[in-house]
Each structure stands twice: as C-alpha cells, then as structure tokens.
$ cat query.cif   # mmCIF, C-alpha atoms and all ligand atoms
data_run
#
loop_
_atom_site.group_PDB
_atom_site.id
_atom_site.type_symbol
_atom_site.label_atom_id
_atom_site.label_comp_id
_atom_site.auth_asym_id
_atom_site.auth_seq_id
_atom_site.Cartn_x
_atom_site.Cartn_y
_atom_site.Cartn_z
ATOM 1 C CA MET A 1 17.584 1.946 3.386
ATOM 2 C CA ASN A 2 14.804 3.214 1.122
ATOM 3 C CA ILE A 3 11.974 0.970 -0.038
ATOM 4 C CA LEU A 4 8.854 1.201 -2.202
ATOM 5 C CA ILE A 5 5.975 -1.202 -1.610
ATOM 6 C CA PHE A 6 3.172 -1.954 -4.065
ATOM 7 C CA GLY A 7 0.111 -4.123 -3.454
ATOM 8 C CA PRO A 8 -3.643 -3.801 -3.907
ATOM 9 C CA ASN A 9 -5.978 -3.150 -1.021
ATOM 10 C CA GLY A 10 -6.549 -6.607 0.499
ATOM 11 C CA SER A 11 -3.116 -8.041 -0.352
ATOM 12 C CA GLY A 12 -1.594 -7.895 3.127
ATOM 13 C CA LYS A 13 0.602 -4.933 2.240
ATOM 14 C CA GLY A 14 0.161 -3.449 5.716
ATOM 15 C CA THR A 15 1.331 -6.665 7.425
ATOM 16 C CA GLN A 16 4.376 -7.196 5.212
ATOM 17 C CA GLY A 17 5.172 -3.471 5.199
ATOM 18 C CA ASN A 18 5.316 -3.451 9.008
ATOM 19 C CA LEU A 19 7.756 -6.340 8.989
ATOM 20 C CA VAL A 20 10.107 -4.491 6.636
ATOM 21 C CA LYS A 21 9.721 -1.203 8.472
ATOM 22 C CA ASP A 22 10.589 -2.818 11.826
ATOM 23 C CA LYS A 23 13.516 -4.811 10.415
ATOM 24 C CA TYR A 24 15.300 -1.662 9.234
ATOM 25 C CA SER A 25 13.742 0.896 11.654
ATOM 26 C CA LEU A 26 12.403 2.899 8.737
ATOM 27 C CA ASP A 27 10.025 5.826 8.660
ATOM 28 C CA HIS A 28 6.720 4.503 7.352
ATOM 29 C CA ILE A 29 5.622 7.156 4.886
ATOM 30 C CA GLU A 30 2.024 6.599 3.855
ATOM 31 C CA SER A 31 0.486 9.151 1.518
ATOM 32 C CA GLY A 32 -3.059 8.415 2.751
ATOM 33 C CA ALA A 33 -1.971 8.920 6.383
ATOM 34 C CA ILE A 34 -0.252 12.229 5.540
ATOM 35 C CA PHE A 35 -3.492 13.443 3.968
ATOM 36 C CA ARG A 36 -5.497 12.344 7.010
ATOM 37 C CA LYS A 37 -3.097 14.263 9.265
ATOM 38 C CA HIS A 38 -3.576 17.417 7.196
ATOM 39 C CA ILE A 39 -7.345 16.960 7.257
ATOM 40 C CA GLY A 40 -7.283 16.446 11.037
ATOM 41 C CA GLY A 41 -5.145 19.557 11.474
ATOM 42 C CA GLY A 42 -7.470 21.600 9.253
ATOM 43 C CA THR A 43 -4.627 22.777 6.991
ATOM 44 C CA GLU A 44 -5.240 24.345 3.587
ATOM 45 C CA LEU A 45 -3.804 21.243 1.922
ATOM 46 C CA GLY A 46 -6.125 19.076 4.007
ATOM 47 C CA LEU A 47 -9.174 21.069 2.965
ATOM 48 C CA LYS A 48 -8.236 20.748 -0.699
ATOM 49 C CA ALA A 49 -7.461 17.040 -0.440
ATOM 50 C CA LYS A 50 -10.622 16.190 1.476
ATOM 51 C CA GLU A 51 -13.015 16.777 -1.409
ATOM 52 C CA TYR A 52 -11.172 14.225 -3.560
ATOM 53 C CA ILE A 53 -10.620 11.701 -0.785
ATOM 54 C CA ASN A 54 -14.296 11.710 0.150
ATOM 55 C CA LYS A 55 -15.202 10.868 -3.427
ATOM 56 C CA GLY A 56 -12.656 8.053 -3.530
ATOM 57 C CA GLU A 57 -10.652 9.884 -6.201
ATOM 58 C CA LEU A 58 -6.943 10.524 -6.346
ATOM 59 C CA VAL A 59 -5.827 13.868 -4.998
ATOM 60 C CA PRO A 60 -4.323 15.856 -7.930
ATOM 61 C CA ASP A 61 -0.604 15.520 -8.569
ATOM 62 C CA ASP A 62 0.162 19.208 -8.012
ATOM 63 C CA ILE A 63 -0.884 18.708 -4.371
ATOM 64 C CA THR A 64 0.259 15.110 -3.812
ATOM 65 C CA ILE A 65 3.695 14.960 -5.424
ATOM 66 C CA PRO A 66 5.309 17.973 -3.679
ATOM 67 C CA MET A 67 3.740 16.908 -0.382
ATOM 68 C CA VAL A 68 5.204 13.385 -0.521
ATOM 69 C CA LEU A 69 8.614 14.510 -1.813
ATOM 70 C CA ASP A 70 8.791 17.036 1.019
ATOM 71 C CA VAL A 71 8.156 14.363 3.665
ATOM 72 C CA LEU A 72 10.693 12.023 2.025
ATOM 73 C CA SER A 73 13.397 14.643 2.032
ATOM 74 C CA GLY A 74 12.828 15.223 5.755
ATOM 75 C CA SER A 75 13.434 11.554 6.623
ATOM 76 C CA THR A 76 16.838 10.800 8.113
ATOM 77 C CA ASN A 77 16.221 7.117 9.033
ATOM 78 C CA GLY A 78 15.417 5.838 5.572
ATOM 79 C CA TRP A 79 11.857 5.201 4.470
ATOM 80 C CA LEU A 80 9.244 2.702 3.431
ATOM 81 C CA LEU A 81 6.969 4.490 0.982
ATOM 82 C CA ASP A 82 3.421 3.145 0.906
ATOM 83 C CA GLY A 83 0.480 4.409 -1.191
ATOM 84 C CA PHE A 84 2.751 6.418 -3.462
ATOM 85 C CA PRO A 85 3.331 6.234 -6.406
ATOM 86 C CA ARG A 86 -0.233 5.388 -7.383
ATOM 87 C CA SER A 87 0.087 6.360 -11.061
ATOM 88 C CA LEU A 88 2.688 6.200 -13.802
ATOM 89 C CA VAL A 89 3.219 9.966 -13.643
ATOM 90 C CA GLN A 90 3.850 9.783 -9.892
ATOM 91 C CA GLY A 91 6.249 6.885 -10.447
ATOM 92 C CA GLU A 92 8.245 8.813 -13.023
ATOM 93 C CA LYS A 93 8.315 12.015 -10.967
ATOM 94 C CA LEU A 94 9.472 10.117 -7.910
ATOM 95 C CA TRP A 95 12.319 8.495 -9.836
ATOM 96 C CA GLU A 96 13.333 11.861 -11.289
ATOM 97 C CA ALA A 97 13.388 13.427 -7.816
ATOM 98 C CA LEU A 98 15.440 10.576 -6.320
ATOM 99 C CA GLN A 99 17.980 10.819 -9.134
ATOM 100 C CA LYS A 100 18.201 14.569 -8.799
ATOM 101 C CA ASP A 101 18.760 14.383 -5.035
ATOM 102 C CA GLY A 102 21.162 11.445 -5.291
ATOM 103 C CA VAL A 103 18.903 9.250 -3.122
ATOM 104 C CA LYS A 104 19.420 5.510 -3.521
ATOM 105 C CA LEU A 105 16.422 3.209 -3.770
ATOM 106 C CA ASP A 106 17.268 -0.205 -2.253
ATOM 107 C CA TYR A 107 14.192 -2.394 -2.790
ATOM 108 C CA VAL A 108 10.949 -2.310 -4.692
ATOM 109 C CA ILE A 109 8.463 -4.834 -3.303
ATOM 110 C CA GLU A 110 5.365 -5.912 -5.180
ATOM 111 C CA ILE A 111 2.646 -8.115 -3.683
ATOM 112 C CA LYS A 112 0.811 -9.723 -6.578
ATOM 113 C CA LEU A 113 -2.806 -10.720 -6.075
ATOM 114 C CA PRO A 114 -5.577 -11.277 -8.633
ATOM 115 C CA ARG A 115 -8.278 -8.661 -8.470
ATOM 116 C CA GLU A 116 -11.187 -10.984 -7.601
ATOM 117 C CA ILE A 117 -9.261 -12.517 -4.717
ATOM 118 C CA ALA A 118 -8.307 -9.100 -3.352
ATOM 119 C CA LYS A 119 -11.961 -8.079 -3.431
ATOM 120 C CA ALA A 120 -13.161 -11.264 -1.713
ATOM 121 C CA ARG A 121 -10.575 -10.787 1.016
ATOM 122 C CA ILE A 122 -11.621 -7.223 1.738
ATOM 123 C CA MET A 123 -15.275 -8.181 1.884
ATOM 124 C CA GLY A 124 -14.471 -11.188 4.074
ATOM 125 C CA ARG A 125 -12.572 -9.215 6.734
ATOM 126 C CA ARG A 126 -14.147 -9.287 10.187
ATOM 127 C CA LEU A 127 -13.206 -7.085 13.108
ATOM 128 C CA CYS A 128 -12.946 -8.468 16.663
ATOM 129 C CA GLU A 129 -14.606 -6.355 19.370
ATOM 130 C CA ASN A 130 -11.680 -7.018 21.727
ATOM 131 C CA ASN A 131 -8.655 -6.594 19.510
ATOM 132 C CA ALA A 132 -8.357 -5.131 16.015
ATOM 133 C CA ASN A 133 -5.240 -7.245 15.442
ATOM 134 C CA HIS A 134 -7.027 -10.574 15.802
ATOM 135 C CA PRO A 135 -7.161 -11.786 12.205
ATOM 136 C CA ASN A 136 -10.545 -13.116 11.048
ATOM 137 C CA ASN A 137 -11.611 -13.518 7.449
ATOM 138 C CA ILE A 138 -14.501 -15.593 6.162
ATOM 139 C CA GLY A 139 -12.740 -15.806 2.772
ATOM 140 C CA ILE A 140 -9.421 -17.211 4.051
ATOM 141 C CA PRO A 141 -9.638 -20.734 5.513
ATOM 142 C CA ALA A 142 -6.467 -20.350 7.650
ATOM 143 C CA ILE A 143 -7.998 -17.462 9.584
ATOM 144 C CA ALA A 144 -11.696 -18.280 9.304
ATOM 145 C CA PRO A 145 -13.741 -17.189 12.353
ATOM 146 C CA ASP A 146 -14.927 -19.765 14.873
ATOM 147 C CA GLY A 147 -18.577 -19.797 13.822
ATOM 148 C CA ASP A 148 -19.538 -16.146 14.110
ATOM 149 C CA LYS A 149 -16.959 -15.461 16.855
ATOM 150 C CA CYS A 150 -13.307 -14.345 16.860
ATOM 151 C CA ARG A 151 -10.993 -17.290 16.203
ATOM 152 C CA VAL A 152 -8.457 -15.956 18.751
ATOM 153 C CA CYS A 153 -10.534 -14.863 21.738
ATOM 154 C CA GLY A 154 -14.161 -15.696 20.992
ATOM 155 C CA GLY A 155 -15.127 -11.999 20.861
ATOM 156 C CA ALA A 156 -18.033 -10.751 18.768
ATOM 157 C CA LEU A 157 -17.190 -9.919 15.150
ATOM 158 C CA SER A 158 -18.384 -7.189 12.848
ATOM 159 C CA ALA A 159 -17.618 -6.006 9.315
ATOM 160 C CA ARG A 160 -16.329 -2.499 8.518
ATOM 161 C CA ASP A 161 -18.859 -0.530 6.464
ATOM 162 C CA ASP A 162 -16.268 0.502 3.882
ATOM 163 C CA ASP A 163 -15.192 -3.131 3.480
ATOM 164 C CA GLN A 164 -18.727 -3.975 2.322
ATOM 165 C CA ASP A 165 -18.976 -1.110 -0.171
ATOM 166 C CA GLU A 166 -18.418 -2.945 -3.428
ATOM 167 C CA GLU A 167 -18.497 0.192 -5.522
ATOM 168 C CA ALA A 168 -15.784 1.843 -3.442
ATOM 169 C CA ILE A 169 -13.637 -1.319 -3.588
ATOM 170 C CA ASN A 170 -14.047 -1.467 -7.384
ATOM 171 C CA LYS A 171 -13.093 2.178 -7.716
ATOM 172 C CA ARG A 172 -9.866 1.677 -5.755
ATOM 173 C CA HIS A 173 -9.022 -1.491 -7.658
ATOM 174 C CA ASN A 174 -9.710 0.234 -10.992
ATOM 175 C CA ILE A 175 -6.904 2.618 -10.147
ATOM 176 C CA TYR A 176 -4.585 -0.073 -8.769
ATOM 177 C CA TYR A 177 -4.899 -2.603 -11.599
ATOM 178 C CA ASP A 178 -4.669 -0.049 -14.432
ATOM 179 C CA GLU A 179 -1.532 -0.998 -16.350
ATOM 180 C CA THR A 180 -1.696 1.974 -18.712
ATOM 181 C CA THR A 181 -1.543 4.970 -16.399
ATOM 182 C CA GLY A 182 -2.444 3.610 -12.941
ATOM 183 C CA THR A 183 -0.600 1.983 -10.062
ATOM 184 C CA MET A 184 0.334 -1.167 -11.987
ATOM 185 C CA ALA A 185 1.834 1.074 -14.664
ATOM 186 C CA ALA A 186 4.011 2.700 -11.983
ATOM 187 C CA CYS A 187 4.902 -0.723 -10.608
ATOM 188 C CA ASN A 188 5.881 -1.962 -14.081
ATOM 189 C CA PHE A 189 7.924 1.182 -14.651
ATOM 190 C CA TYR A 190 10.189 0.100 -11.767
ATOM 191 C CA LYS A 191 9.988 -3.611 -12.559
ATOM 192 C CA ASN A 192 11.184 -3.080 -16.124
ATOM 193 C CA MET A 193 13.864 -0.578 -15.255
ATOM 194 C CA LYS A 194 17.370 -1.649 -16.114
ATOM 195 C CA ASP A 195 20.224 -0.520 -13.876
ATOM 196 C CA GLY A 196 17.979 1.195 -11.333
ATOM 197 C CA GLY A 197 20.374 -0.064 -8.653
ATOM 198 C CA PHE A 198 17.579 -1.575 -6.525
ATOM 199 C CA LYS A 199 16.395 -5.154 -6.039
ATOM 200 C CA TYR A 200 12.871 -5.936 -7.230
ATOM 201 C CA ILE A 201 11.068 -8.452 -5.002
ATOM 202 C CA GLN A 202 7.821 -9.972 -6.203
ATOM 203 C CA LEU A 203 5.655 -11.706 -3.594
ATOM 204 C CA ASP A 204 2.827 -14.134 -4.274
ATOM 205 C CA GLY A 205 -0.099 -12.645 -2.327
ATOM 206 C CA GLU A 206 -2.042 -15.902 -2.578
ATOM 207 C CA GLN A 207 0.346 -17.608 -0.165
ATOM 208 C CA SER A 208 -0.247 -17.526 3.594
ATOM 209 C CA ILE A 209 0.936 -14.528 5.596
ATOM 210 C CA ASN A 210 3.787 -16.591 7.090
ATOM 211 C CA GLU A 211 4.898 -18.035 3.763
ATOM 212 C CA ILE A 212 5.030 -14.536 2.294
ATOM 213 C CA LYS A 213 6.939 -13.284 5.351
ATOM 214 C CA ASP A 214 9.509 -16.083 5.153
ATOM 215 C CA TYR A 215 10.111 -15.505 1.460
ATOM 216 C CA LEU A 216 10.348 -11.756 1.940
ATOM 217 C CA ILE A 217 12.891 -12.150 4.750
ATOM 218 C CA SER A 218 14.946 -14.519 2.550
ATOM 219 C CA GLN A 219 15.128 -11.846 -0.131
ATOM 220 C CA LEU A 220 16.141 -8.935 2.111
ATOM 221 C CA ALA A 221 19.766 -8.337 3.049
HETATM 222 P P1 LIG B 301 -5.128 5.302 1.471
HETATM 223 O O1 LIG B 301 -5.038 5.522 2.938
HETATM 224 O O2 LIG B 301 -3.839 4.878 0.859
HETATM 225 O O3 LIG B 301 -6.264 4.403 1.115
HETATM 226 O O4 LIG B 301 -5.450 6.738 0.818
HETATM 227 C C1 LIG B 301 -6.644 7.417 1.127
HETATM 228 C C2 LIG B 301 -6.946 8.421 0.022
HETATM 229 O O5 LIG B 301 -5.920 9.409 -0.047
HETATM 230 C C3 LIG B 301 -7.022 7.842 -1.375
HETATM 231 O O6 LIG B 301 -8.282 7.269 -1.666
HETATM 232 C C4 LIG B 301 -6.740 9.069 -2.244
HETATM 233 O O7 LIG B 301 -7.889 9.901 -2.322
HETATM 234 C C5 LIG B 301 -5.693 9.799 -1.410
HETATM 235 N N1 LIG B 301 -4.336 9.370 -1.803
HETATM 236 C C6 LIG B 301 -3.473 8.588 -1.102
HETATM 237 N N2 LIG B 301 -2.323 8.404 -1.773
HETATM 238 C C7 LIG B 301 -2.456 9.086 -2.938
HETATM 239 C C8 LIG B 301 -1.623 9.272 -4.071
HETATM 240 N N3 LIG B 301 -0.402 8.694 -4.153
HETATM 241 N N4 LIG B 301 -2.078 10.047 -5.087
HETATM 242 C C9 LIG B 301 -3.293 10.621 -5.026
HETATM 243 N N5 LIG B 301 -4.141 10.479 -4.000
HETATM 244 C C10 LIG B 301 -3.741 9.717 -2.960
#
$ encode --input "query.cif" --output "structure tokens" --more "lines below"
Ligand code: AMP
Amino acid sequence: MNILIFGPNGSGKGTQGNLVKDKYSLDHIESGAIFRKHIGGGTELGLKAKEYINKGELVPDDITIPMVLDVLSGSTNGWLLDGFPRSLVQGEKLWEALQKDGVKLDYVIEIKLPREIAKARIMGRRLCENNANHPNNIGIPAIAPDGDKCRVCGGALSARDDDQDEEAINKRHNIYYDETTGTMAACNFYKNMKDGGFKYIQLDGEQSINEIKDYLISQLA
C-alpha cells in the first residue's frame, strides 16, 4: 500500500496520517524528518539543506527529489509520503519515477482547510507541560483549554515560539496554497489525473478530528 497525503500546516495531517500509517503498517516517509536526520548526522546533504531550512525556504529539487526517491525505493512495507511533493515539479517527477519503477499508488489523501483557519489553528495551539499529546487549542472550541490550564490534566500550558511567528506561518502557507507551481498545484495534478489507478480522498479539515477520522476510515479499503 502506497499513499500520498496533502494538507496545510494546521490541518491535522499528522493525526490523520498516523491513523493511516498504523492501519496498514506503513513506513512514514516525511521529507522534513529525513532532512532533520541528515542535519543531526552532520552529512554533506544535511549541511546543504540546513541553510534553506533555516530560512524557511524549500530545499532545491536537485537535493530533495533524489533523496526522497531513494528512501521510497528502500521501503519494503509500503509507504505514507508526507511533506513531498511540495511543488508541481516534485509532483510530476514523483509520478514519472513511480511509473518508471512500476510502483502502484493506492490513495491520494487531501485535507482541505481554508488558509485563515489553518493559521488561526496554528497560532491557537497550546502545549501541555505534562504531555505533548494532550490537545489544547484556544481556536477550536472542542479542545479549548480549561481556563489557562490543560483540558486533560490541568497542567500548565505554553505556546511554541514557531507557532506564534506569523511571518513564518505565512511563508509556509504561501508555498502550500500556491495553485500555479506550489503544493496545491501538485495536489491538483493528482486530483485531475485520469486513470492514475489510485483513489483520491478529499477530507473536510473543518470537521472535528473524529468526524474526519470516521470518514477517512469509511473511504479506505
Ligand atoms: P517540514 O518538517 O515538513 O515542515 O519540513 C521542514 C523543512 O524541510 C521545510 O521548511 C523545507 O525547508 C524542507 N523541506 C521539507 N520537505 C521538502 C520538500 N518536499 N521540498 C523542499 N524542501 C522541503
């Protein structure tokens, strides 16, 4: 089973991606995480990638595309690809490579969420001192904190610095929502493809986490 997942930062892509990954025991292949591993290991690729990542820019395709394709080809369990493709060119190159290697794509999942809502969600996220998995968000009524405390355990809450950096959020969303050459262009490339042999599943990111989960499960084999 091989799956692509698209969704802007703040859409719950991580949560829904984990569900899919666990259901099919897939390798979770995340381009950002691969870069972070290279940076941590001090590799040449990591050094090159770091200068772009620190500026919030995309790492150039001549570094990113071969790196991701290499990891994909090493997966024997099937994969959930997350964070790639992030541009139309990456989307086209990925499709070309899959065709060439005779690799079947089974699902393409898109979580749709308007840009302003995605931004409000990121800025509303609060982190519990006791458990990073306790969901708290001042922008989502269903998981609003209990006063200024964690809604699950009453722990103290704080906001992540990068979640409050509006400029950085805008920069990432500029890339994601670009329908000409950006991530949405890649997403539309798959959405509009005829006879790709995969099922395209569109999720409404404005629904609750559980509603999205239930719908997603109903659409998967
Ligand atoms: P992420 O963890 O997905 O937020 O990725 C962290 C950073 O890694 C991004 O801001 C980019 O600089 C870089 N990156 C991740 N995926 C890609 C990609 N598909 N193409 C180019 N750069 C990427």
$ resolve_selection --input "query.cif" --expression "the PyMOL selection byres (((chain A and resi 138) around 9) and not hetatm)" --output "PyMOL selection string"
chain A and resi 121+123-126+136-137+139-141+143-145
$ atom_distance --input "query.cif" --atom1 "atom CA of A:Tyr215" --atom2 "atom CA of A:Gln16"
10.8 Å
$ residues_around --input "query.cif" --residues "A:Ile5" --least-positions-apart "4" --cutoff "9 Å" --atoms "all atoms listed in the file" --output "list in words"
Lys13, Gly17, Leu80, Leu81, Asp82, Gly83, Phe84, Tyr107, Val108, Ile109, Glu110 and Ile111 of chain A
$ residues_near_ligand --input "query.cif" --ligand "ligand LIG 301 (chain B)" --cutoff "7 Å" --atoms "only C-alpha atoms and all ligand atoms" --output "VMD selection string"
chain A and resid 30 to 33 35 52 to 53 56 to 61 64 83 to 86
$ write_last_selection --input "query.cif" --atoms "C-alpha atoms" --output "PDB file, in the frame of the given file"
ATOM      1  CA  GLU A  30       2.024   6.599   3.855  1.00  0.00           C
ATOM      2  CA  SER A  31       0.486   9.151   1.518  1.00  0.00           C
ATOM      3  CA  GLY A  32      -3.059   8.415   2.751  1.00  0.00           C
ATOM      4  CA  ALA A  33      -1.971   8.920   6.383  1.00  0.00           C
ATOM      5  CA  PHE A  35      -3.492  13.443   3.968  1.00  0.00           C
ATOM      6  CA  TYR A  52     -11.172  14.225  -3.560  1.00  0.00           C
ATOM      7  CA  ILE A  53     -10.620  11.701  -0.785  1.00  0.00           C
ATOM      8  CA  GLY A  56     -12.656   8.053  -3.530  1.00  0.00           C
ATOM      9  CA  GLU A  57     -10.652   9.884  -6.201  1.00  0.00           C
ATOM     10  CA  LEU A  58      -6.943  10.524  -6.346  1.00  0.00           C
ATOM     11  CA  VAL A  59      -5.827  13.868  -4.998  1.00  0.00           C
ATOM     12  CA  PRO A  60      -4.323  15.856  -7.930  1.00  0.00           C
ATOM     13  CA  ASP A  61      -0.604  15.520  -8.569  1.00  0.00           C
ATOM     14  CA  THR A  64       0.259  15.110  -3.812  1.00  0.00           C
ATOM     15  CA  GLY A  83       0.480   4.409  -1.191  1.00  0.00           C
ATOM     16  CA  PHE A  84       2.751   6.418  -3.462  1.00  0.00           C
ATOM     17  CA  PRO A  85       3.331   6.234  -6.406  1.00  0.00           C
ATOM     18  CA  ARG A  86      -0.233   5.388  -7.383  1.00  0.00           C
TER      19      ARG A  86
END
$ axis_aligned_box --input "query.cif" --around "stretch 106-123 of chain A" --padding-each-side "6 Å" --output "lines of an AutoDock Vina configuration file"
center_x = 1.0
center_y = -6.4
center_z = -3.4
size_x = 44.5
size_y = 24.3
size_z = 22.5
$ residues_near_point --input "query.cif" --point "(8.1, 13.7, 0.2)" --cutoff "10 Å" --atoms "all atoms listed in the file" --output "MDAnalysis selection string"
chainID A and resid 29 31 64:75 81 84 94 97
$ write_last_selection --input "query.cif" --atoms "C-alpha atoms" --output "PDB file, in the frame of the given file"
ATOM      1  CA  ILE A  29       5.622   7.156   4.886  1.00  0.00           C
ATOM      2  CA  SER A  31       0.486   9.151   1.518  1.00  0.00           C
ATOM      3  CA  THR A  64       0.259  15.110  -3.812  1.00  0.00           C
ATOM      4  CA  ILE A  65       3.695  14.960  -5.424  1.00  0.00           C
ATOM      5  CA  PRO A  66       5.309  17.973  -3.679  1.00  0.00           C
ATOM      6  CA  MET A  67       3.740  16.908  -0.382  1.00  0.00           C
ATOM      7  CA  VAL A  68       5.204  13.385  -0.521  1.00  0.00           C
ATOM      8  CA  LEU A  69       8.614  14.510  -1.813  1.00  0.00           C
ATOM      9  CA  ASP A  70       8.791  17.036   1.019  1.00  0.00           C
ATOM     10  CA  VAL A  71       8.156  14.363   3.665  1.00  0.00           C
ATOM     11  CA  LEU A  72      10.693  12.023   2.025  1.00  0.00           C
ATOM     12  CA  SER A  73      13.397  14.643   2.032  1.00  0.00           C
ATOM     13  CA  GLY A  74      12.828  15.223   5.755  1.00  0.00           C
ATOM     14  CA  SER A  75      13.434  11.554   6.623  1.00  0.00           C
ATOM     15  CA  LEU A  81       6.969   4.490   0.982  1.00  0.00           C
ATOM     16  CA  PHE A  84       2.751   6.418  -3.462  1.00  0.00           C
ATOM     17  CA  LEU A  94       9.472  10.117  -7.910  1.00  0.00           C
ATOM     18  CA  ALA A  97      13.388  13.427  -7.816  1.00  0.00           C
TER      19      ALA A  97
END
$ residues_near_point --input "query.cif" --point "(-13.8, -3.1, -8.5)" --cutoff "12 Å" --atoms "all atoms listed in the file" --output "PyMOL selection string"
chain A and resi 8-9+114-120+122-123+164-178
$ atom_distance --input "query.cif" --atom1 "atom CA of A:Thr183" --atom2 "atom CA of A:Ser87"
4.5 Å
$ closest_residue --input "query.cif" --among "A:Asn188, A:Lys48, A:Gly196, A:Pro135" --to "A:Gly12" --atoms "all atoms listed in the file"
A:Pro135
$ closest_residue --input "query.cif" --among "A:His134, A:Tyr24, A:Asp161, A:Glu92" --to "A:Gly182" --atoms "all atoms listed in the file"
A:Glu92
$ atom_distance --input "query.cif" --atom1 "atom CA of A:Lys23" --atom2 "atom CA of A:Cys128"
27.4 Å
$ residues_around --input "query.cif" --residues "A:Asp204" --least-positions-apart "4" --cutoff "7 Å" --atoms "all atoms listed in the file" --output "NGL selection string"
:A and (111-113 or 212)
$ write_last_selection --input "query.cif" --atoms "C-alpha atoms" --output "PDB file, in the frame of the given file"
ATOM      1  CA  ILE A 111       2.646  -8.115  -3.683  1.00  0.00           C
ATOM      2  CA  LYS A 112       0.811  -9.723  -6.578  1.00  0.00           C
ATOM      3  CA  LEU A 113      -2.806 -10.720  -6.075  1.00  0.00           C
ATOM      4  CA  ILE A 212       5.030 -14.536   2.294  1.00  0.00           C
TER       5      ILE A 212
END
$ closest_residue --input "query.cif" --among "A:Arg151, A:Leu220, A:Ala142, A:Trp95" --to "A:Met193" --atoms "all atoms listed in the file"
A:Trp95
$ resolve_selection --input "query.cif" --expression "the PyMOL selection byres (((chain A and resi 131) around 10) and not hetatm)" --output "list in words"
Leu127, Cys128, Glu129, Asn130, Ala132, Asn133, His134, Pro135, Cys150, Val152, Cys153 and Gly155 of chain A
$ closest_residue --input "query.cif" --among "A:Asn18, A:Gln219, A:Thr76, A:Gln90" --to "A:Ala186" --atoms "all atoms listed in the file"
A:Gln90
$ closest_residue --input "query.cif" --among "A:Leu88, A:Met1, A:Ile209, A:Ile39" --to "A:Cys187" --atoms "all atoms listed in the file"
A:Leu88
$ closest_residue --input "query.cif" --among "A:Ala156, A:Ile34, A:Ile217, A:Leu26" --to "A:Ile3" --atoms "all atoms listed in the file"
A:Leu26
